[in-house]
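Below is query-v6.pdb, which holds PDB, C-alpha atoms.
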```pdb
ATOM      1  CA  MET T 237     -16.077  47.019   4.241
ATOM      2  CA  LEU T 238     -19.236  47.846   6.175
ATOM      3  CA  PRO T 239     -22.559  46.737   4.694
ATOM      4  CA  GLU T 240     -23.622  50.351   4.160
ATOM      5  CA  ALA T 241     -20.412  51.123   2.317
ATOM      6  CA  ALA T 242     -20.917  48.115   0.047
ATOM      7  CA  HIS T 243     -24.273  49.478  -0.992
ATOM      8  CA  GLN T 244     -22.903  52.928  -1.624
ATOM      9  CA  HIS T 245     -19.971  51.773  -3.773
ATOM     10  CA  HIS T 246     -21.082  48.708  -5.639
ATOM     11  CA  VAL T 247     -18.383  46.048  -5.651
ATOM     12  CA  PRO T 248     -18.443  43.997  -8.893
ATOM     13  CA  GLY T 249     -19.489  40.407  -8.222
ATOM     14  CA  LEU T 250     -20.677  41.084  -4.655
ATOM     15  CA  ALA T 251     -24.259  40.009  -3.944
ATOM     16  CA  HIS T 252     -26.145  42.417  -1.690
ATOM     17  CA  HIS T 253     -26.742  39.911   1.112
ATOM     18  CA  PHE T 254     -23.014  39.544   1.853
ATOM     19  CA  ASP T 255     -20.890  42.004   3.810
ATOM     20  CA  ASN T 256     -17.848  41.634   1.586
ATOM     21  CA  LEU T 257     -16.267  39.429  -1.081
ATOM     22  CA  GLU T 258     -14.336  37.422   1.479
ATOM     23  CA  GLN T 259     -17.489  36.392   3.312
ATOM     24  CA  GLN T 260     -19.158  35.640  -0.008
ATOM     25  CA  ALA T 261     -16.235  33.473  -1.154
ATOM     26  CA  GLU T 262     -16.320  31.497   2.115
ATOM     27  CA  ALA T 263     -20.035  30.884   1.684
ATOM     28  CA  THR T 264     -19.699  29.749  -1.956
ATOM     29  CA  THR T 265     -16.805  27.422  -1.100
ATOM     30  CA  LEU T 266     -18.781  25.927   1.761
ATOM     31  CA  GLY T 267     -21.865  25.574  -0.437
ATOM     32  CA  MET T 268     -19.847  23.803  -3.126
ATOM     33  CA  TRP T 269     -18.434  21.407  -0.551
ATOM     34  CA  VAL T 270     -21.916  20.602   0.744
ATOM     35  CA  PHE T 271     -22.857  19.726  -2.846
ATOM     36  CA  LEU T 272     -19.708  17.606  -3.161
ATOM     37  CA  VAL T 273     -20.750  15.658  -0.031
ATOM     38  CA  THR T 274     -23.918  14.626  -1.872
ATOM     39  CA  GLU T 275     -21.724  13.653  -4.825
ATOM     40  CA  VAL T 276     -19.488  11.525  -2.576
ATOM     41  CA  LEU T 277     -22.557   9.606  -1.408
ATOM     42  CA  PHE T 278     -23.976   9.451  -4.950
ATOM     43  CA  PHE T 279     -20.854   7.696  -6.216
ATOM     44  CA  GLY T 280     -20.504   6.046  -2.791
ATOM     45  CA  GLY T 281     -23.584   3.905  -3.418
ATOM     46  CA  LEU T 282     -21.958   2.506  -6.554
ATOM     47  CA  PHE T 283     -18.662   1.872  -4.782
ATOM     48  CA  MET T 284     -20.706   0.065  -2.134
ATOM     49  CA  VAL T 285     -22.350  -2.213  -4.739
ATOM     50  CA  TYR T 286     -18.928  -2.849  -6.268
ATOM     51  CA  THR T 287     -17.507  -3.843  -2.859
ATOM     52  CA  VAL T 288     -20.306  -6.325  -2.176
ATOM     53  CA  TYR T 289     -20.164  -8.040  -5.586
ATOM     54  CA  ARG T 290     -16.394  -8.111  -5.655
ATOM     55  CA  ASN T 291     -16.450  -9.866  -2.295
ATOM     56  CA  TRP T 292     -18.921 -12.407  -3.624
ATOM     57  CA  TYR T 293     -17.294 -13.068  -6.986
ATOM     58  CA  PRO T 294     -13.581 -12.216  -6.675
ATOM     59  CA  ASP T 295     -12.413 -14.572  -9.459
ATOM     60  CA  ALA T 296     -14.956 -13.406 -12.046
ATOM     61  CA  PHE T 297     -14.169  -9.772 -11.189
ATOM     62  CA  ALA T 298     -10.432 -10.383 -11.541
ATOM     63  CA  ALA T 299     -10.917 -12.099 -14.910
ATOM     64  CA  ALA T 300     -13.218  -9.348 -16.213
ATOM     65  CA  SER T 301     -10.936  -6.596 -14.914
ATOM     66  CA  HIS T 302      -8.021  -8.257 -16.689
ATOM     67  CA  SER T 303      -9.755  -7.791 -20.049
ATOM     68  CA  LEU T 304      -9.711  -3.993 -19.695
ATOM     69  CA  ASP T 305      -6.942  -2.100 -21.490
ATOM     70  CA  ILE T 306      -4.509  -1.093 -18.741
ATOM     71  CA  THR T 307      -2.418   1.062 -21.104
ATOM     72  CA  LEU T 308      -5.365   3.249 -22.097
ATOM     73  CA  GLY T 309      -6.526   3.348 -18.470
ATOM     74  CA  THR T 310      -3.108   4.520 -17.258
ATOM     75  CA  ILE T 311      -2.795   7.135 -20.029
ATOM     76  CA  ASN T 312      -6.251   8.431 -19.127
ATOM     77  CA  THR T 313      -5.297   8.664 -15.453
ATOM     78  CA  ALA T 314      -2.234  10.740 -16.397
ATOM     79  CA  VAL T 315      -4.347  12.932 -18.710
ATOM     80  CA  LEU T 316      -6.884  13.616 -15.961
ATOM     81  CA  ILE T 317      -4.206  14.388 -13.347
ATOM     82  CA  THR T 318      -2.615  16.820 -15.819
ATOM     83  CA  SER T 319      -6.009  18.469 -16.349
ATOM     84  CA  SER T 320      -6.242  18.878 -12.567
ATOM     85  CA  LEU T 321      -2.855  20.630 -12.641
ATOM     86  CA  THR T 322      -3.973  23.026 -15.401
ATOM     87  CA  MET T 323      -7.181  23.653 -13.412
ATOM     88  CA  ALA T 324      -5.170  24.469 -10.267
ATOM     89  CA  LEU T 325      -2.982  26.794 -12.365
ATOM     90  CA  ALA T 326      -6.123  28.419 -13.804
ATOM     91  CA  VAL T 327      -7.290  29.234 -10.257
ATOM     92  CA  HIS T 328      -3.799  30.558  -9.506
ATOM     93  CA  ALA T 329      -3.902  32.797 -12.587
ATOM     94  CA  ALA T 330      -7.377  34.011 -11.597
ATOM     95  CA  GLN T 331      -6.157  34.877  -8.082
ATOM     96  CA  LEU T 332      -3.433  37.037  -9.617
ATOM     97  CA  GLY T 333      -5.838  38.608 -12.110
ATOM     98  CA  GLN T 334      -3.919  37.215 -15.105
ATOM     99  CA  ARG T 335      -6.849  37.078 -17.514
ATOM    100  CA  LYS T 336      -5.098  35.674 -20.587
ATOM    101  CA  LEU T 337      -3.246  33.033 -18.606
ATOM    102  CA  LEU T 338      -6.523  32.067 -16.928
ATOM    103  CA  MET T 339      -8.206  31.616 -20.302
ATOM    104  CA  LEU T 340      -5.246  29.612 -21.582
ATOM    105  CA  PHE T 341      -5.359  27.221 -18.617
ATOM    106  CA  LEU T 342      -9.154  26.850 -18.878
ATOM    107  CA  VAL T 343      -8.801  25.893 -22.541
ATOM    108  CA  ALA T 344      -5.983  23.476 -21.650
ATOM    109  CA  THR T 345      -8.181  21.877 -18.970
ATOM    110  CA  MET T 346     -11.023  21.429 -21.452
ATOM    111  CA  ALA T 347      -8.666  20.067 -24.115
ATOM    112  CA  LEU T 348      -7.296  17.454 -21.697
ATOM    113  CA  GLY T 349     -10.862  16.602 -20.678
ATOM    114  CA  ALA T 350     -11.668  16.059 -24.367
ATOM    115  CA  VAL T 351      -8.634  13.752 -24.742
ATOM    116  CA  PHE T 352      -9.866  11.754 -21.739
ATOM    117  CA  LEU T 353     -13.362  11.351 -23.218
ATOM    118  CA  GLY T 354     -11.859  10.472 -26.611
ATOM    119  CA  ILE T 355      -9.768   7.667 -25.122
ATOM    120  CA  LYS T 356     -12.779   6.521 -23.083
ATOM    121  CA  SER T 357     -14.905   6.226 -26.224
ATOM    122  CA  VAL T 358     -12.167   4.142 -27.890
ATOM    123  CA  GLU T 359     -12.354   1.822 -24.865
ATOM    124  CA  TYR T 360     -16.158   1.677 -25.040
ATOM    125  CA  TYR T 361     -15.919   0.829 -28.741
ATOM    126  CA  GLN T 362     -13.533  -2.029 -27.933
ATOM    127  CA  LYS T 363     -16.026  -3.370 -25.394
ATOM    128  CA  PHE T 364     -18.722  -3.492 -28.084
ATOM    129  CA  VAL T 365     -16.367  -5.275 -30.492
ATOM    130  CA  GLU T 366     -15.409  -7.806 -27.790
ATOM    131  CA  HIS T 367     -19.086  -8.397 -26.840
ATOM    132  CA  HIS T 368     -18.297  -7.271 -23.297
ATOM    133  CA  VAL T 369     -21.337  -5.013 -23.109
ATOM    134  CA  PRO T 370     -23.936  -6.509 -20.715
ATOM    135  CA  GLY T 371     -27.103  -7.666 -22.420
ATOM    136  CA  ALA T 372     -28.274 -10.233 -24.970
ATOM    137  CA  GLY T 373     -25.046 -10.035 -27.012
ATOM    138  CA  PHE T 374     -22.774 -10.512 -24.020
ATOM    139  CA  ASN T 375     -20.034 -13.092 -24.378
ATOM    140  CA  PHE T 376     -17.071 -13.734 -22.107
ATOM    141  CA  GLU T 377     -14.002 -15.778 -23.065
ATOM    142  CA  GLU T 378     -14.069 -17.765 -19.827
ATOM    143  CA  PRO T 379     -17.609 -19.250 -19.774
ATOM    144  CA  GLN T 380     -17.466 -20.218 -16.078
ATOM    145  CA  TYR T 381     -17.238 -16.520 -15.206
ATOM    146  CA  ALA T 382     -19.673 -15.229 -17.852
ATOM    147  CA  VAL T 383     -22.648 -14.559 -15.533
ATOM    148  CA  HIS T 384     -20.674 -12.733 -12.887
ATOM    149  CA  ALA T 385     -18.358 -10.976 -15.316
ATOM    150  CA  GLN T 386     -21.507  -9.359 -16.662
ATOM    151  CA  ILE T 387     -22.048  -7.793 -13.220
ATOM    152  CA  PHE T 388     -18.525  -6.366 -13.366
ATOM    153  CA  PHE T 389     -19.120  -4.872 -16.811
ATOM    154  CA  SER T 390     -22.478  -3.447 -15.727
ATOM    155  CA  LEU T 391     -20.689  -1.651 -12.892
ATOM    156  CA  TYR T 392     -17.870  -0.667 -15.261
ATOM    157  CA  PHE T 393     -20.276   1.023 -17.672
ATOM    158  CA  VAL T 394     -22.431   2.682 -15.002
ATOM    159  CA  MET T 395     -19.492   4.003 -12.970
ATOM    160  CA  THR T 396     -17.301   5.181 -15.864
ATOM    161  CA  GLY T 397     -20.440   6.401 -17.682
ATOM    162  CA  LEU T 398     -21.544   8.569 -14.758
ATOM    163  CA  HIS T 399     -17.972   9.772 -14.391
ATOM    164  CA  ALA T 400     -17.916  10.705 -18.086
ATOM    165  CA  LEU T 401     -21.252  12.495 -17.663
ATOM    166  CA  HIS T 402     -19.659  14.553 -14.891
ATOM    167  CA  MET T 403     -16.795  15.387 -17.255
ATOM    168  CA  ILE T 404     -19.287  16.578 -19.876
ATOM    169  CA  ILE T 405     -21.056  18.753 -17.276
ATOM    170  CA  GLY T 406     -17.590  20.030 -16.305
ATOM    171  CA  PHE T 407     -17.167  21.053 -19.950
ATOM    172  CA  GLY T 408     -20.291  23.186 -19.706
ATOM    173  CA  ILE T 409     -19.052  24.790 -16.490
ATOM    174  CA  MET T 410     -15.629  25.511 -18.009
ATOM    175  CA  THR T 411     -17.266  27.049 -21.086
ATOM    176  CA  PHE T 412     -19.131  29.449 -18.786
ATOM    177  CA  MET T 413     -15.931  30.237 -16.877
ATOM    178  CA  LEU T 414     -14.129  30.914 -20.142
ATOM    179  CA  TRP T 415     -16.930  33.275 -21.183
ATOM    180  CA  TRP T 416     -16.781  35.082 -17.819
ATOM    181  CA  ALA T 417     -13.003  35.333 -17.984
ATOM    182  CA  TRP T 418     -13.180  36.647 -21.549
ATOM    183  CA  ARG T 419     -15.696  39.391 -20.768
ATOM    184  CA  GLY T 420     -13.712  40.399 -17.663
ATOM    185  CA  THR T 421     -16.113  39.302 -14.916
ATOM    186  CA  ILE T 422     -13.336  37.359 -13.225
ATOM    187  CA  THR T 423     -10.861  39.598 -11.425
ATOM    188  CA  ALA T 424      -8.194  39.199  -8.753
ATOM    189  CA  GLU T 425     -10.853  40.327  -6.241
ATOM    190  CA  TYR T 426     -13.710  38.212  -7.606
ATOM    191  CA  TYR T 427     -12.418  34.818  -8.691
ATOM    192  CA  SER T 428     -14.542  32.455  -6.567
ATOM    193  CA  PRO T 429     -16.479  31.134  -9.630
ATOM    194  CA  ILE T 430     -13.167  29.757 -10.937
ATOM    195  CA  GLU T 431     -12.321  28.407  -7.488
ATOM    196  CA  ILE T 432     -15.561  26.431  -7.112
ATOM    197  CA  ALA T 433     -15.499  25.283 -10.749
ATOM    198  CA  GLY T 434     -12.037  23.985  -9.845
ATOM    199  CA  LEU T 435     -13.442  22.155  -6.813
ATOM    200  CA  TYR T 436     -15.874  20.369  -9.127
ATOM    201  CA  TRP T 437     -13.160  19.435 -11.634
ATOM    202  CA  HIS T 438     -10.829  18.122  -8.915
ATOM    203  CA  PHE T 439     -13.677  16.101  -7.403
ATOM    204  CA  VAL T 440     -14.274  14.386 -10.746
ATOM    205  CA  ASP T 441     -10.530  13.661 -10.855
ATOM    206  CA  ILE T 442     -10.717  12.090  -7.372
ATOM    207  CA  VAL T 443     -13.560   9.787  -8.467
ATOM    208  CA  TRP T 444     -11.314   8.539 -11.283
ATOM    209  CA  ILE T 445      -8.389   8.136  -8.847
ATOM    210  CA  PHE T 446     -10.514   5.457  -7.145
ATOM    211  CA  LEU T 447     -12.171   4.014 -10.272
ATOM    212  CA  PHE T 448      -8.832   3.349 -11.959
ATOM    213  CA  PRO T 449      -7.352   0.861  -9.425
ATOM    214  CA  LEU T 450     -10.732  -0.743  -8.651
ATOM    215  CA  LEU T 451     -11.645  -1.391 -12.294
ATOM    216  CA  TYR T 452      -8.318  -1.718 -14.137
ATOM    217  CA  LEU T 453      -5.738  -2.899 -11.627
ATOM    218  CA  LEU T 454      -7.688  -5.510  -9.698
ATOM    219  CA  GLY T 455      -6.463  -8.988 -10.584
ATOM    220  CA  ARG T 456      -3.843  -7.660 -12.990
ATOM    221  CA  HIS T 457      -1.296 -10.137 -11.607
ATOM    222  CA  ALA T 458      -3.634 -13.117 -12.030
ATOM    223  CA  HIS T 459      -4.401 -14.962 -15.288
TER     224      HIS T 459
ATOM    225  CA  MET S 172     -10.168  38.831  -1.191
ATOM    226  CA  SER S 173      -7.473  38.025   1.350
ATOM    227  CA  ALA S 174      -7.113  34.467   0.093
ATOM    228  CA  HIS S 175      -4.104  32.279   0.554
ATOM    229  CA  ILE S 176      -2.290  32.313  -2.775
ATOM    230  CA  LEU S 177      -0.021  29.304  -3.049
ATOM    231  CA  PRO S 178       3.227  29.488  -5.004
ATOM    232  CA  LYS S 179       3.070  27.636  -8.333
ATOM    233  CA  ARG S 180       5.767  25.162  -7.288
ATOM    234  CA  VAL S 181       3.305  23.635  -4.766
ATOM    235  CA  TYR S 182       1.033  22.640  -7.669
ATOM    236  CA  TYR S 183       3.931  21.270  -9.713
ATOM    237  CA  THR S 184       5.174  19.256  -6.722
ATOM    238  CA  ILE S 185       1.721  17.773  -6.049
ATOM    239  CA  PHE S 186       1.389  16.966  -9.769
ATOM    240  CA  ALA S 187       4.755  15.152  -9.746
ATOM    241  CA  ILE S 188       3.773  13.140  -6.640
ATOM    242  CA  LEU S 189       0.410  12.203  -8.234
ATOM    243  CA  MET S 190       2.143  11.014 -11.414
ATOM    244  CA  PHE S 191       4.703   9.009  -9.441
ATOM    245  CA  CYS S 192       1.929   7.393  -7.365
ATOM    246  CA  THR S 193       0.091   6.429 -10.575
ATOM    247  CA  TYR S 194       3.270   4.788 -11.894
ATOM    248  CA  LEU S 195       3.793   3.047  -8.539
ATOM    249  CA  THR S 196       0.244   1.672  -8.277
ATOM    250  CA  VAL S 197       0.388   0.263 -11.840
ATOM    251  CA  GLN S 198       3.751  -1.418 -11.161
ATOM    252  CA  ILE S 199       2.559  -2.938  -7.866
ATOM    253  CA  ALA S 200      -0.556  -4.334  -9.581
ATOM    254  CA  PHE S 201       1.576  -6.732 -11.659
ATOM    255  CA  PHE S 202       2.928  -8.524  -8.572
ATOM    256  CA  ASP S 203       0.833 -11.115  -6.774
ATOM    257  CA  LEU S 204       0.738  -9.901  -3.177
ATOM    258  CA  GLY S 205      -2.556 -11.549  -2.223
ATOM    259  CA  ALA S 206      -4.782  -9.295  -0.148
ATOM    260  CA  LEU S 207      -1.995  -6.696  -0.072
ATOM    261  CA  ASN S 208      -2.729  -5.831  -3.731
ATOM    262  CA  THR S 209      -6.073  -4.312  -2.799
ATOM    263  CA  ILE S 210      -4.676  -2.627   0.313
ATOM    264  CA  ALA S 211      -1.794  -1.082  -1.641
ATOM    265  CA  ALA S 212      -4.037   0.071  -4.514
ATOM    266  CA  LEU S 213      -6.588   1.656  -2.165
ATOM    267  CA  GLY S 214      -3.888   3.081   0.107
ATOM    268  CA  ILE S 215      -2.212   4.850  -2.814
ATOM    269  CA  ALA S 216      -5.605   6.038  -4.124
ATOM    270  CA  CYS S 217      -6.503   7.463  -0.689
ATOM    271  CA  PHE S 218      -3.134   9.214  -0.475
ATOM    272  CA  LYS S 219      -3.596  10.711  -3.965
ATOM    273  CA  ALA S 220      -7.124  11.870  -3.117
ATOM    274  CA  THR S 221      -5.892  13.415   0.141
ATOM    275  CA  ILE S 222      -3.206  15.570  -1.477
ATOM    276  CA  VAL S 223      -5.651  16.644  -4.218
ATOM    277  CA  ILE S 224      -8.149  17.708  -1.529
ATOM    278  CA  LEU S 225      -5.571  19.471   0.660
ATOM    279  CA  PHE S 226      -3.609  21.345  -2.002
ATOM    280  CA  PHE S 227      -5.448  21.443  -5.365
ATOM    281  CA  MET S 228      -8.759  22.061  -3.587
ATOM    282  CA  HIS S 229      -7.147  24.349  -0.982
ATOM    283  CA  VAL S 230      -8.845  22.625   1.969
ATOM    284  CA  LYS S 231      -5.596  22.884   3.967
ATOM    285  CA  TYR S 232      -6.126  26.657   3.934
ATOM    286  CA  SER S 233      -9.930  26.626   4.277
ATOM    287  CA  THR S 234     -12.126  27.440   7.260
ATOM    288  CA  ARG S 235     -12.812  24.899  10.008
ATOM    289  CA  LEU S 236     -16.393  24.657   8.805
ATOM    290  CA  THR S 237     -15.155  23.488   5.390
ATOM    291  CA  TRP S 238     -12.913  20.945   7.120
ATOM    292  CA  ALA S 239     -15.943  19.667   9.055
ATOM    293  CA  VAL S 240     -17.971  19.251   5.846
ATOM    294  CA  VAL S 241     -15.122  17.455   4.046
ATOM    295  CA  LEU S 242     -14.534  15.091   6.960
ATOM    296  CA  GLY S 243     -18.303  14.647   7.233
ATOM    297  CA  SER S 244     -18.460  13.281   3.676
ATOM    298  CA  ILE S 245     -15.784  10.701   4.500
ATOM    299  CA  PHE S 246     -17.529   9.838   7.770
ATOM    300  CA  TRP S 247     -20.930   9.262   6.124
ATOM    301  CA  PHE S 248     -19.359   7.187   3.363
ATOM    302  CA  GLY S 249     -17.663   5.201   6.141
ATOM    303  CA  ILE S 250     -21.046   4.539   7.748
ATOM    304  CA  LEU S 251     -22.408   3.364   4.383
ATOM    305  CA  ILE S 252     -19.536   0.893   3.911
ATOM    306  CA  ALA S 253     -19.233  -0.251   7.536
ATOM    307  CA  LEU S 254     -22.892  -0.945   8.215
ATOM    308  CA  THR S 255     -23.552  -2.573   4.846
ATOM    309  CA  MET S 256     -20.479  -4.803   5.025
ATOM    310  CA  SER S 257     -21.191  -5.749   8.631
ATOM    311  CA  ASP S 258     -24.290  -7.367   7.159
ATOM    312  CA  TYR S 259     -22.888  -8.908   3.973
ATOM    313  CA  LEU S 260     -19.643 -10.177   5.491
ATOM    314  CA  THR S 261     -21.433 -11.972   8.320
ATOM    315  CA  ARG S 262     -23.965 -13.923   6.229
ATOM    316  CA  VAL S 263     -22.170 -17.204   6.848
ATOM    317  CA  TRP S 264     -25.178 -19.239   5.745
ATOM    318  CA  ARG S 265     -25.107 -17.811   2.235
ATOM    319  CA  THR S 266     -24.040 -20.197  -0.524
ATOM    320  CA  PHE S 267     -21.343 -18.406  -2.469
ATOM    321  CA  GLY S 268     -21.052 -18.684  -6.209
TER     322      GLY S 268
END
```
Translate the structure of the given file into structure tokens.
Amino acid sequence: MLPEAAHQHHVPGLAHHFDNLEQQAEATTLGMWVFLVTEVLFFGGLFMVYTVYRNWYPDAFAAASHSLDITLGTINTAVLITSSLTMALAVHAAQLGQRKLLMLFLVATMALGAVFLGIKSVEYYQKFVEHHVPGAGFNFEEPQYAVHAQIFFSLYFVMTGLHALHMIIGFGIMTFMLWWAWRGTITAEYYSPIEIAGLYWHFVDIVWIFLFPLLYLLGRHAH
Amino acid sequence: MSAHILPKRVYYTIFAILMFCTYLTVQIAFFDLGALNTIAALGIACFKATIVILFFMHVKYSTRLTWAVVLGSIFWFGILIALTMSDYLTRVWRTFG
């Protein structure tokens, strides 16, 4: 569609500074990816710190990692991967203009996200009970590792905490998407909000894909 | 929008591979393979992330500019790791522990 034509017949969802929806969708996808690059480096700094300390204190890290609940960690990984599937299916439904299916998959994605956060809070609670929260009350079963295990748990709480914060923000985004889908803003022609919300959700899933082996699986065979 | 609409079975297949990889990485973690434990865990994680990016995030069907940005993020993260570790791993005078 020519720019003049777009102005004459207003296309729903098309901002005036784009020629057509296709160009607009390319720009939004690119913009979202540029944001995700900053997110990669945001989490990257923490992965960097983890790498350095793990290289310095491998035994303490292995011992501390071993105290995490691998069953809950694995279940949570499966839950998050499933939520990525429902998110991908939500985008698929949006592309085909299937409004009810889209809403269903968005709700499913949010529900799985809630299960993930629920399990995570059970794990956090266990850490408090076990005195594995860094600070004055910290206590580790193997005293020779206590000082350095505290570094591991600091990283554990910061990294999983920031990941959980991203999940909560994802909740807000999905709520908006659900609202837009409900009122009919999202159509087969204009679905890029769902697409880029999906990019965000999948990115958060990828962060967990790396957090899971680094925090839960390291040193599982030892001790 | 003339977007590339993938058949649903692609998503189900990727989901099945991701679940299998999760099972695999947990099983491998229980065996003592020395340094290979970390390599296997990170290798599987990288593979999982790659198929999420290519198929769930549709990068395989995106513009070259998007590809450049995605690869750029990996490249800059690589710089962060490589330059920092080239310092930390060569501090032979440091007393460990």
message: For the provided coordinates, the residues matched by the PyMOL selection byres ((chain S and resi 237) around 9) should be stated as JSON, numbers by chain.
response: {"T": [262, 265, 266, 269, 270], "S": [230, 233, 234, 235, 236, 238, 239, 240, 241, 242]}
Using all atoms listed in the file, find the residues of chain S whose closest atom to chain T is at most 6 Å away, then write them as a PDB file with C-alpha atoms, in the frame of the given file.
```pdb
ATOM      1  CA  MET S 172     -10.168  38.831  -1.191  1.00  0.00           C
ATOM      2  CA  ALA S 200      -0.556  -4.334  -9.581  1.00  0.00           C
ATOM      3  CA  PHE S 201       1.576  -6.732 -11.659  1.00  0.00           C
ATOM      4  CA  PHE S 202       2.928  -8.524  -8.572  1.00  0.00           C
ATOM      5  CA  ASP S 203       0.833 -11.115  -6.774  1.00  0.00           C
ATOM      6  CA  ALA S 212      -4.037   0.071  -4.514  1.00  0.00           C
ATOM      7  CA  ALA S 216      -5.605   6.038  -4.124  1.00  0.00           C
ATOM      8  CA  ALA S 220      -7.124  11.870  -3.117  1.00  0.00           C
ATOM      9  CA  PHE S 227      -5.448  21.443  -5.365  1.00  0.00           C
ATOM     10  CA  MET S 228      -8.759  22.061  -3.587  1.00  0.00           C
ATOM     11  CA  THR S 237     -15.155  23.488   5.390  1.00  0.00           C
ATOM     12  CA  SER S 244     -18.460  13.281   3.676  1.00  0.00           C
TER      13      SER S 244
END
```
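Distance-wise, atom CA of S:Thr209 and atom CA of T:Phe376 end up 24.1 Å apart.
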message: Report, in Å to a single decimal, how far apart atom CA of S:Val197 and atom CA of T:Phe393 are.
response: 21.5 Å
task: For atom CA of T:Phe297 and atom CA of T:Ala400, quote the distance in Å rounded to one decimal.
output: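 That distance, rounded to one decimal, is 21.9 Å.
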field: Distance query T:Val383 at most 10 Å, all atoms listed in the file, self and fewer than 4 positions along chain excluded, as a list of chain:residue names
entry: T:Ala296, T:Pro370, T:Phe374, T:Asn375, T:Phe376, T:Pro379, T:Ile387, T:Phe388
field: Radius query 9 Å about (0.7, 21.3, -6.6), atoms used: only C-alpha atoms, as a VMD selection string
entry: (chain T and resid 321 324 to 325) or (chain S and resid 177 to 188 222 to 223 226 to 227)
- request: For stretch 416-422 of chain T, work out the shell of residues within 12 Å, counting all atoms listed in the file and skipping chain neighbours fewer than 3 positions away, then give it as a PyMOL selection string.
  value: chain T and resi 247-250+326-327+329-343+409-413+425-431
message: If the PyMOL selection byres ((chain T and resi 349) around 9) were run on this exact file, what residues would it hold? Put them as a count of residues only.
response: 17
query: Of the candidates T:Ser357, T:Asp295, T:Thr264, T:Leu308, which shows the shortest atom-to-atom distance to T:Gln380, using all atoms listed in the file?
result: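 For T:Gln380, the nearest of the candidates is T:Asp295.
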Quick one: everything within 9 Å of S:Ala211, counting only C-alpha atoms, minus sequence neighbours fewer than 4 positions away in the same chain. Send it as a PDB file with C-alpha atoms, in the frame of the given file.
```
ATOM      1  CA  THR S 196       0.244   1.672  -8.277  1.00  0.00           C
ATOM      2  CA  ILE S 199       2.559  -2.938  -7.866  1.00  0.00           C
ATOM      3  CA  ALA S 200      -0.556  -4.334  -9.581  1.00  0.00           C
ATOM      4  CA  ALA S 206      -4.782  -9.295  -0.148  1.00  0.00           C
ATOM      5  CA  LEU S 207      -1.995  -6.696  -0.072  1.00  0.00           C
ATOM      6  CA  ILE S 215      -2.212   4.850  -2.814  1.00  0.00           C
ATOM      7  CA  ALA S 216      -5.605   6.038  -4.124  1.00  0.00           C
TER       8      ALA S 216
END
```
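Closest approach to T:Ala372 among T:Gln386, T:Thr396, T:Thr423, T:Ser301: T:Gln386, based on all atoms listed in the file.
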